[in-house]
Amino acid sequence: MELNPMEQFTVKPLVPLHLAGYDVSFTNQSLLMVTVVAAAAAFLTFAVKPGRLVPTRGQSMAEASYEFVANMIHSSTGEDGLKFFPFVFSLFMFVLLANFFGMVPWSFTITSQIAVTFALACLVVLTVIVVGFAKHGIGFLKLFVPHAPAPLLLLLVPIEVISFLTRPISLSVRLFANMLAGHTMLAVFGGFVVALGAAGGALSLLSIAPMLLIVAIMLLELLVAFLQAYVFAILTCIYLNEALHLHDAH
Amino acid sequence: MQEDVHTTESTEAPEHKGGFPPFDLTTFPSQIFWLVITFAFLFVVLWRVAGPRINGVITARRGKIHGDIEEAQKARADAEAAGVAYQSALTAARARANGLAEENRQTLNAEIAKAKTSADAETAKVMDAAHARIAATQEQARGHVAKAAEEAAIAIVARLTGETVSPADAAKAVRES
């Protein structure tokens, strides 16, 4: 019996693989990534049939997720942000399904790994930097100079720089910590159920309490799973908006 | 964290030091490697296949709804135009019918007037002829009466006096009486 709530976050190699001196084994996490990506790609491709104007249930869901992300980009970055739609859509679907698939018992939560969330956050910030310099050249640095009296700038510019540099950390840790905390909590309460059940007698009956709590936390975690995917995507949009429009109102 | 439980468990990963799996640096290359592969695949599929497919359906539906509304508006305009045309045709037909009726009445009135005039003329002619006949008959009758009076006068004179009066004298006497 495994009672360590952290055990579920262990990346276990399934097929050992080495490439250029690095251990790139196919792990339980890789399996989930492949599953998530295959599910997302297959669903968004095959649920929709070209020319079927009256959608089925599946097609409605695919269209709803498409329009949800499209509206998100449109409202936070404006018309010209829509060229980043494939990027934001992929991020949103990847994080959302990674979070949801992690809710399935005995699966693995991809987004509970700081390596993954940090890599995604770095991808976002690098995109923002590339887009910013491509659009504004060196003028992109004005992003760090808010409209304020000169003496205040001495204080504000370092703050802006630091806040920009910490974005990959805040973006990745937010998602990672939320997933980690939720799943740890579920495992801890699961451990209570097992421990109380094994204690025998009246204590066994008490094990229903943490069980009910797990159900409640499970529902909360479903909300968090969606919310964190949404937050990740909307922050990406907001950062892209800054890269596209600097501090101007769009 | 129950590290002791974990370290006794993890025989396949002896490099685990802190026992906190997400910070196990040895797994990072594999995580990043597979993340790049899978995310790139998802990105390309959504960018090249799924996105255009969904967008196509949404655009087609929007176009269809637009087209249908336009068609319906055109049909309504047509119907309204047909109604207007019907009304104007009705008005024109009514005006024509009124014209025809008026014309008919005038023709009839003229014919009636003509017929009346000719009938009046006929009547006057007949009446004149009748008057003439009456006058002639009267004259004739007057002649007969005078003759009878002459004969009667001759007879009376003859009876009273035994004289024979010539008809001319008798006629003269009747005329003077």
# chains A, B, ... in the order shown; residues from 1 in each chain; ligands from 1
>>> residues_around(residues="Gln113 of chain A", least_positions_apart="4", cutoff="9 Å", atoms="only C-alpha atoms", output="short mmCIF file (atom, residue, chain, number, x, y, z; two decimals) with N, CA and C atoms, in the first residue's frame")
data_model
loop_
_atom_site.label_atom_id
_atom_site.label_comp_id
_atom_site.auth_asym_id
_atom_site.auth_seq_id
_atom_site.Cartn_x
_atom_site.Cartn_y
_atom_site.Cartn_z
N PHE A 9 3.61 11.79 -8.24
CA PHE A 9 4.27 12.74 -9.12
C PHE A 9 5.60 12.19 -9.67
N THR A 109 -0.46 13.46 -13.83
CA THR A 109 -0.76 14.85 -14.12
C THR A 109 0.47 15.52 -14.71
N THR A 117 5.67 22.92 -16.97
CA THR A 117 5.02 24.24 -16.91
C THR A 117 6.03 25.35 -17.15
N PHE A 118 7.25 25.16 -16.66
CA PHE A 118 8.27 26.20 -16.87
C PHE A 118 8.66 26.26 -18.35
N PHE A 176 1.72 24.82 -11.89
CA PHE A 176 2.36 23.67 -11.23
C PHE A 176 1.87 23.52 -9.80
N ALA A 177 1.87 24.61 -9.04
CA ALA A 177 1.51 24.53 -7.62
C ALA A 177 0.05 24.18 -7.44
N MET A 179 -1.88 22.39 -9.45
CA MET A 179 -2.07 20.98 -9.75
C MET A 179 -1.48 20.11 -8.65
N LEU A 180 -0.26 20.47 -8.26
CA LEU A 180 0.43 19.68 -7.23
C LEU A 180 -0.37 19.67 -5.93
N PRO B 21 9.49 14.47 -6.21
CA PRO B 21 9.66 14.06 -7.61
C PRO B 21 9.70 15.22 -8.62
N PRO B 22 8.85 16.25 -8.50
CA PRO B 22 8.90 17.29 -9.53
C PRO B 22 10.24 18.00 -9.62
N PHE B 23 11.04 17.96 -8.56
CA PHE B 23 12.34 18.63 -8.61
C PHE B 23 13.48 17.66 -8.95
N GLN B 31 11.36 14.89 -19.91
CA GLN B 31 10.13 15.68 -19.87
C GLN B 31 10.11 16.72 -20.98
#
>>> interface_residues(of="chain A", to="chain B", cutoff="7 Å", atoms="only C-alpha atoms", output="number ranges by chain")
A: 4, 6, 9-11, 22-25, 30, 33-34, 37, 41, 44-45, 48, 50-53, 63, 86-87, 90, 113-116
>>> atom_distance(atom1="atom CA of Thr27 of chain A", atom2="atom CA of Ala121 of chain A")
22.0 Å
>>> atom_distance(atom1="atom CA of Val124 of chain A", atom2="atom CA of Tyr239 of chain A")
8.3 Å
>>> residues_around(residues="segment 157-171 of chain A", least_positions_apart="5", cutoff="6 Å", atoms="only C-alpha atoms", output="PyMOL selection string")
chain A and resi 121-122+144-145
>>> write_last_selection(atoms="N, CA, C and O atoms", output="CSV table (one decimal), in the first residue's frame")
chain,number,residue,atom,x,y,z
A,121,ALA,N,5.9,28.1,-20.0
A,121,ALA,CA,5.9,29.5,-19.7
A,121,ALA,C,7.1,30.2,-20.4
A,121,ALA,O,6.9,31.3,-20.9
A,122,CYS,N,8.2,29.5,-20.5
A,122,CYS,CA,9.4,30.1,-21.3
A,122,CYS,C,9.0,30.3,-22.8
A,122,CYS,O,9.4,31.2,-23.4
A,144,PHE,N,9.1,48.8,-20.7
A,144,PHE,CA,9.6,48.9,-19.3
A,144,PHE,C,9.5,50.4,-18.8
A,144,PHE,O,9.9,50.6,-17.7
A,145,VAL,N,9.1,51.3,-19.6
A,145,VAL,CA,9.0,52.7,-19.2
A,145,VAL,C,7.6,53.1,-19.3
A,145,VAL,O,7.0,53.5,-20.3
>>> residues_around(residues="Lys147 of chain B", least_positions_apart="5", cutoff="12 Å", atoms="only C-alpha atoms", output="JSON, numbers by chain")
{"B": [140, 141, 142, 152, 153, 154, 167, 168, 170, 171, 172, 173, 174, 175]}
>>> write_last_selection(atoms="C-alpha atoms", output="compact mmCIF listing (two decimals), in the first residue's frame")
# COMPACT_ATOMS: atom_id res chain seq x y z
CA GLN B 140 -118.36 66.85 -93.79
CA ALA B 141 -120.79 66.43 -90.96
CA ARG B 142 -121.57 70.11 -91.08
CA ALA B 152 -136.15 69.55 -94.35
CA ALA B 153 -136.74 73.22 -95.19
CA ILE B 154 -137.96 72.37 -98.71
CA PRO B 167 -132.53 73.79 -103.41
CA ALA B 168 -130.33 76.80 -104.00
CA ALA B 170 -133.03 76.58 -99.40
CA ALA B 171 -129.31 76.40 -99.08
CA LYS B 172 -129.07 80.14 -98.99
CA ALA B 173 -131.70 80.32 -96.31
CA VAL B 174 -130.05 77.64 -94.20
CA ARG B 175 -126.76 79.39 -94.49
>>> residues_around(residues="His247 of chain A", least_positions_apart="4", cutoff="10 Å", atoms="only C-alpha atoms", output="list of chain:residue names")
A:Lys142, A:Leu143, A:Phe144, A:Val145, A:Pro146, A:His147, A:Asn241, A:Glu242, A:Ala243
>>> atom_distance(atom1="atom CA of Leu246 of chain A", atom2="atom CA of Lys83 of chain A")
17.3 Å
>>> residues_around(residues="Ala70 of chain A", least_positions_apart="4", cutoff="7 Å", atoms="only C-alpha atoms", output="list in words")
Tyr66, His74 and Phe85 of chain A
>>> write_last_selection(atoms="C-alpha atoms", output="mmCIF file, in the first residue's frame")
data_model
loop_
_atom_site.group_PDB
_atom_site.id
_atom_site.type_symbol
_atom_site.label_atom_id
_atom_site.label_comp_id
_atom_site.auth_asym_id
_atom_site.auth_seq_id
_atom_site.Cartn_x
_atom_site.Cartn_y
_atom_site.Cartn_z
ATOM 1 C CA TYR A 66 -12.534 27.176 -30.730
ATOM 2 C CA HIS A 74 -10.015 38.984 -29.575
ATOM 3 C CA PHE A 85 -4.712 31.803 -32.403
#
>>> select_by_dssp(residues="segment 10-49 of chain A", states="helix (DSSP H, G or I)", output="PyMOL selection string")
chain A and resi 28-46
>>> write_last_selection(atoms="C-alpha atoms", output="mmCIF file, in the first residue's frame")
data_model
loop_
_atom_site.group_PDB
_atom_site.id
_atom_site.type_symbol
_atom_site.label_atom_id
_atom_site.label_comp_id
_atom_site.auth_asym_id
_atom_site.auth_seq_id
_atom_site.Cartn_x
_atom_site.Cartn_y
_atom_site.Cartn_z
ATOM 1 C CA ASN A 28 4.448 7.501 -17.696
ATOM 2 C CA GLN A 29 4.374 11.253 -18.242
ATOM 3 C CA SER A 30 5.344 10.891 -21.913
ATOM 4 C CA LEU A 31 2.529 8.351 -22.273
ATOM 5 C CA LEU A 32 0.044 10.875 -20.878
ATOM 6 C CA MET A 33 1.407 13.635 -23.103
ATOM 7 C CA VAL A 34 0.982 11.448 -26.181
ATOM 8 C CA THR A 35 -2.507 10.481 -25.013
ATOM 9 C CA VAL A 36 -3.538 14.083 -24.320
ATOM 10 C CA VAL A 37 -2.184 15.369 -27.619
ATOM 11 C CA ALA A 38 -3.693 12.500 -29.587
ATOM 12 C CA ALA A 39 -7.052 13.011 -27.881
ATOM 13 C CA ALA A 40 -7.028 16.775 -28.452
ATOM 14 C CA ALA A 41 -5.928 16.494 -32.082
ATOM 15 C CA ALA A 42 -8.353 13.673 -32.894
ATOM 16 C CA PHE A 43 -11.283 15.304 -31.130
ATOM 17 C CA LEU A 44 -10.811 18.752 -32.641
ATOM 18 C CA THR A 45 -10.258 17.251 -36.087
ATOM 19 C CA PHE A 46 -12.805 14.461 -36.341
#
